[in-house]
Amino acid sequence: MIKAFANPHRFMAFSQRVQPWLYGGAAALIAYSVWQAFYVVSPERFQGDSARIMFIHVPAAWLGMAGYAGMAAASFVWFIWRHELADTAAKALAPVGAAYCAICLYSGAIWGKPTWGTWWQWDDARMVSMLVLLFLYLGYMAVRAAMDTRQKAAQAGAILAMVGVINVPIIKFSVDIWASLHQPASVVRFDGPTMDASYLYPLLIAALGHTLLLTGLVFTAMRTDIMTRRARALLLRQAAA
Amino acid sequence: MAARTGGDGRAMLPEFENHAVYIYAAYGLAAATLGALIAAIVYRARRARAKVERLQRQADESDPPAQG
């Protein structure tokens, strides 16, 4: 299966077909979730209206973590099988995942001020480990940019992605291990979600919408990378002729 | 939660009972971040596609396919 997806021509044809569905689906689901957040859900019992920030903060957190896990998985595939498309996927995931990670951090700070009375708390393990994730994303992009060949960039980036992925379970379980401002997990739990359905379903729809957007953007960035390499090959052919 | 209405009576933006500035700040910044990201990725994609098309055209012109 990996080999079937490792062919750039097959990927270009496949991504061209699915992109309109990804972007269309993302636009519809995100618009629906924002409408739910602004007009439909009731204010939360303790937090009031500020709980509406959840519908952007939580999907951004999930995608920030999922983006890095995907980057590490793609890097692993590149490291073992040296499929160029896997490196292309890892490279494309970095800026999109970093953007979602940044959205999670500042929407969390904005939500924290009216809820906890503070923008930031250094002894909250969830906040600090999420900030570390943003630095890992930035470090990954910086390391790749610092290398003078694609091969070296892929190798250095893959090592950083695979080592840094240890931070993802730390983020996930930080609220259970080190209790601080963040509440324990209320959606992704072994015994099922504890969140009320009126909040849970719009939240899941928002997460699905943003997942489609992330996938569409990663596919577009991967296509750009493949086209850039094709342009370089054409230039070399012209220079050789 | 009441809806702020425009001159023609259509609902515009919701008026929250509390924390409205925080809600609009969070969603506004997220929209700006995602908008900038989408614009950058789409711009780079269009530029790369235009470059490949131009180079491909130049290559085809300098090496026309055999007739017949």
# chains A, B, ... in the order shown; residues from 1 in each chain; ligands from 1
$ closest_atom_pairs --of "chain B" --to "chain A" --cutoff "6 Å" --atoms "only C-alpha atoms" --output "CSV"
residue,atom,partner,partner_atom,distance
B:Asn18,CA,A:Asp49,CA,5.9
B:His19,CA,A:Ser50,CA,5.7
B:Tyr22,CA,A:Ile110,CA,5.9
B:Ile23,CA,A:Ile53,CA,5.9
B:Ala26,CA,A:Ser107,CA,5.0
B:Ala30,CA,A:Ile103,CA,5.7
B:Ala45,CA,A:Thr224,CA,4.9
B:Ala48,CA,A:Thr228,CA,5.8
B:Val52,CA,A:Ala231,CA,5.0
$ atom_distance --atom1 "CA of Ser186 (chain A)" --atom2 "CA of Pro14 (chain B)"
27.4 Å
$ residues_around --residues "Trp178 (chain A)" --least-positions-apart "5" --cutoff "10 Å" --atoms "only C-alpha atoms" --output "list in words"
Asp123, Asp124, Ala125, Arg126, Phe173 and Pro184 of chain A
$ write_last_selection --atoms "C-alpha atoms" --output "CSV table (one decimal), in the first residue's frame"
chain,number,residue,atom,x,y,z
A,123,ASP,CA,3.4,25.3,35.9
A,124,ASP,CA,0.5,24.0,33.7
A,125,ALA,CA,2.1,21.0,31.9
A,126,ARG,CA,-0.5,21.1,29.1
A,173,PHE,CA,-1.6,12.6,29.3
A,184,PRO,CA,-8.7,16.1,32.8
$ select_by_dssp --residues "region 6-152 of chain A" --states "alpha helix (DSSP H)" --output "PyMOL selection string"
chain A and resi 8-35+54-81+84-116+125-146+150-152
$ write_last_selection --atoms "C-alpha atoms" --output "mmCIF file, in the first residue's frame"
data_model
loop_
_atom_site.group_PDB
_atom_site.id
_atom_site.type_symbol
_atom_site.label_atom_id
_atom_site.label_comp_id
_atom_site.auth_asym_id
_atom_site.auth_seq_id
_atom_site.Cartn_x
_atom_site.Cartn_y
_atom_site.Cartn_z
ATOM 1 C CA PRO A 8 4.265 10.977 -7.458
ATOM 2 C CA HIS A 9 2.245 10.667 -10.704
ATOM 3 C CA ARG A 10 -0.403 8.604 -8.951
ATOM 4 C CA PHE A 11 -0.424 11.078 -6.055
ATOM 5 C CA MET A 12 -0.813 14.072 -8.414
ATOM 6 C CA ALA A 13 -3.802 12.443 -10.138
ATOM 7 C CA PHE A 14 -5.391 11.341 -6.849
ATOM 8 C CA SER A 15 -4.887 14.680 -5.070
ATOM 9 C CA GLN A 16 -6.290 16.633 -8.025
ATOM 10 C CA ARG A 17 -9.472 14.576 -7.838
ATOM 11 C CA VAL A 18 -9.999 14.836 -4.071
ATOM 12 C CA GLN A 19 -8.928 18.458 -3.461
ATOM 13 C CA PRO A 20 -12.265 20.109 -4.366
ATOM 14 C CA TRP A 21 -14.063 17.697 -2.019
ATOM 15 C CA LEU A 22 -11.603 18.380 0.780
ATOM 16 C CA TYR A 23 -11.866 22.172 0.499
ATOM 17 C CA GLY A 24 -15.639 22.112 -0.114
ATOM 18 C CA GLY A 25 -16.234 19.787 2.826
ATOM 19 C CA ALA A 26 -13.942 21.827 5.059
ATOM 20 C CA ALA A 27 -15.709 25.107 4.195
ATOM 21 C CA ALA A 28 -19.162 23.620 4.847
ATOM 22 C CA LEU A 29 -18.265 21.888 8.121
ATOM 23 C CA ILE A 30 -16.245 24.802 9.546
ATOM 24 C CA ALA A 31 -19.026 27.272 8.640
ATOM 25 C CA TYR A 32 -21.554 24.958 10.322
ATOM 26 C CA SER A 33 -19.418 24.660 13.463
ATOM 27 C CA VAL A 34 -18.918 28.453 13.700
ATOM 28 C CA TRP A 35 -22.661 28.950 13.298
ATOM 29 C CA MET A 54 -13.685 25.574 22.565
ATOM 30 C CA PHE A 55 -14.848 24.994 18.978
ATOM 31 C CA ILE A 56 -11.635 26.464 17.582
ATOM 32 C CA HIS A 57 -9.241 25.789 20.481
ATOM 33 C CA VAL A 58 -9.806 22.045 20.838
ATOM 34 C CA PRO A 59 -9.704 21.121 17.096
ATOM 35 C CA ALA A 60 -6.556 23.258 16.773
ATOM 36 C CA ALA A 61 -4.966 21.344 19.671
ATOM 37 C CA TRP A 62 -5.897 17.959 18.183
ATOM 38 C CA LEU A 63 -4.588 18.916 14.745
ATOM 39 C CA GLY A 64 -1.409 20.435 16.155
ATOM 40 C CA MET A 65 -0.672 17.058 17.774
ATOM 41 C CA ALA A 66 -1.966 14.953 14.866
ATOM 42 C CA GLY A 67 0.098 17.013 12.413
ATOM 43 C CA TYR A 68 3.283 16.298 14.342
ATOM 44 C CA ALA A 69 2.423 12.599 14.705
ATOM 45 C CA GLY A 70 1.796 12.466 10.941
ATOM 46 C CA MET A 71 5.100 14.226 10.317
ATOM 47 C CA ALA A 72 6.907 11.662 12.485
ATOM 48 C CA ALA A 73 5.151 8.749 10.712
ATOM 49 C CA ALA A 74 6.051 10.139 7.272
ATOM 50 C CA SER A 75 9.622 10.728 8.443
ATOM 51 C CA PHE A 76 9.794 7.110 9.654
ATOM 52 C CA VAL A 77 8.615 5.875 6.254
ATOM 53 C CA TRP A 78 11.249 8.048 4.557
ATOM 54 C CA PHE A 79 13.911 6.885 6.975
ATOM 55 C CA ILE A 80 13.222 3.175 6.397
ATOM 56 C CA TRP A 81 12.103 3.005 2.744
ATOM 57 C CA GLU A 84 10.588 10.774 -1.550
ATOM 58 C CA LEU A 85 6.848 11.357 -1.284
ATOM 59 C CA ALA A 86 6.997 10.569 2.447
ATOM 60 C CA ASP A 87 9.579 13.315 2.917
ATOM 61 C CA THR A 88 7.413 15.637 0.821
ATOM 62 C CA ALA A 89 4.448 14.867 3.121
ATOM 63 C CA ALA A 90 6.494 15.526 6.281
ATOM 64 C CA LYS A 91 7.772 18.825 4.873
ATOM 65 C CA ALA A 92 4.239 19.900 3.847
ATOM 66 C CA LEU A 93 2.750 19.011 7.244
ATOM 67 C CA ALA A 94 5.134 21.240 9.224
ATOM 68 C CA PRO A 95 3.772 24.755 8.470
ATOM 69 C CA VAL A 96 0.128 23.636 8.618
ATOM 70 C CA GLY A 97 0.618 21.797 11.914
ATOM 71 C CA ALA A 98 2.580 24.736 13.313
ATOM 72 C CA ALA A 99 -0.254 27.124 12.394
ATOM 73 C CA TYR A 100 -2.795 24.933 14.214
ATOM 74 C CA CYS A 101 -0.441 24.652 17.184
ATOM 75 C CA ALA A 102 -0.119 28.465 17.313
ATOM 76 C CA ILE A 103 -3.925 28.861 17.057
ATOM 77 C CA CYS A 104 -4.303 26.428 19.962
ATOM 78 C CA LEU A 105 -1.832 28.388 22.085
ATOM 79 C CA TYR A 106 -3.273 31.858 21.607
ATOM 80 C CA SER A 107 -6.927 30.827 21.603
ATOM 81 C CA GLY A 108 -6.137 28.974 24.845
ATOM 82 C CA ALA A 109 -4.532 32.081 26.329
ATOM 83 C CA ILE A 110 -7.562 34.162 25.295
ATOM 84 C CA TRP A 111 -9.915 31.565 26.802
ATOM 85 C CA GLY A 112 -7.787 31.311 29.961
ATOM 86 C CA LYS A 113 -8.032 34.998 30.857
ATOM 87 C CA PRO A 114 -11.811 35.114 31.565
ATOM 88 C CA THR A 115 -11.884 31.508 32.853
ATOM 89 C CA TRP A 116 -8.821 31.253 35.087
ATOM 90 C CA ALA A 125 2.056 20.978 31.924
ATOM 91 C CA ARG A 126 -0.477 21.050 29.071
ATOM 92 C CA MET A 127 0.365 24.673 28.156
ATOM 93 C CA VAL A 128 4.129 24.215 28.401
ATOM 94 C CA SER A 129 4.200 20.920 26.462
ATOM 95 C CA MET A 130 2.068 22.528 23.721
ATOM 96 C CA LEU A 131 4.545 25.421 23.561
ATOM 97 C CA VAL A 132 7.355 22.850 23.254
ATOM 98 C CA LEU A 133 5.423 21.332 20.314
ATOM 99 C CA LEU A 134 5.380 24.722 18.567
ATOM 100 C CA PHE A 135 9.151 25.009 19.094
ATOM 101 C CA LEU A 136 9.593 21.503 17.671
ATOM 102 C CA TYR A 137 7.664 22.523 14.549
ATOM 103 C CA LEU A 138 9.727 25.722 14.192
ATOM 104 C CA GLY A 139 12.934 23.766 14.847
ATOM 105 C CA TYR A 140 11.978 21.213 12.187
ATOM 106 C CA MET A 141 11.447 23.944 9.575
ATOM 107 C CA ALA A 142 14.626 25.779 10.617
ATOM 108 C CA VAL A 143 16.754 22.599 10.483
ATOM 109 C CA ARG A 144 15.454 21.743 7.011
ATOM 110 C CA ALA A 145 16.084 25.287 5.764
ATOM 111 C CA ALA A 146 19.642 25.271 7.144
ATOM 112 C CA ARG A 150 17.485 17.972 0.024
ATOM 113 C CA GLN A 151 18.901 14.670 1.276
ATOM 114 C CA LYS A 152 20.537 16.281 4.319
#
$ atom_distance --atom1 "CA of Leu204 (chain A)" --atom2 "CA of Val163 (chain A)"
29.6 Å
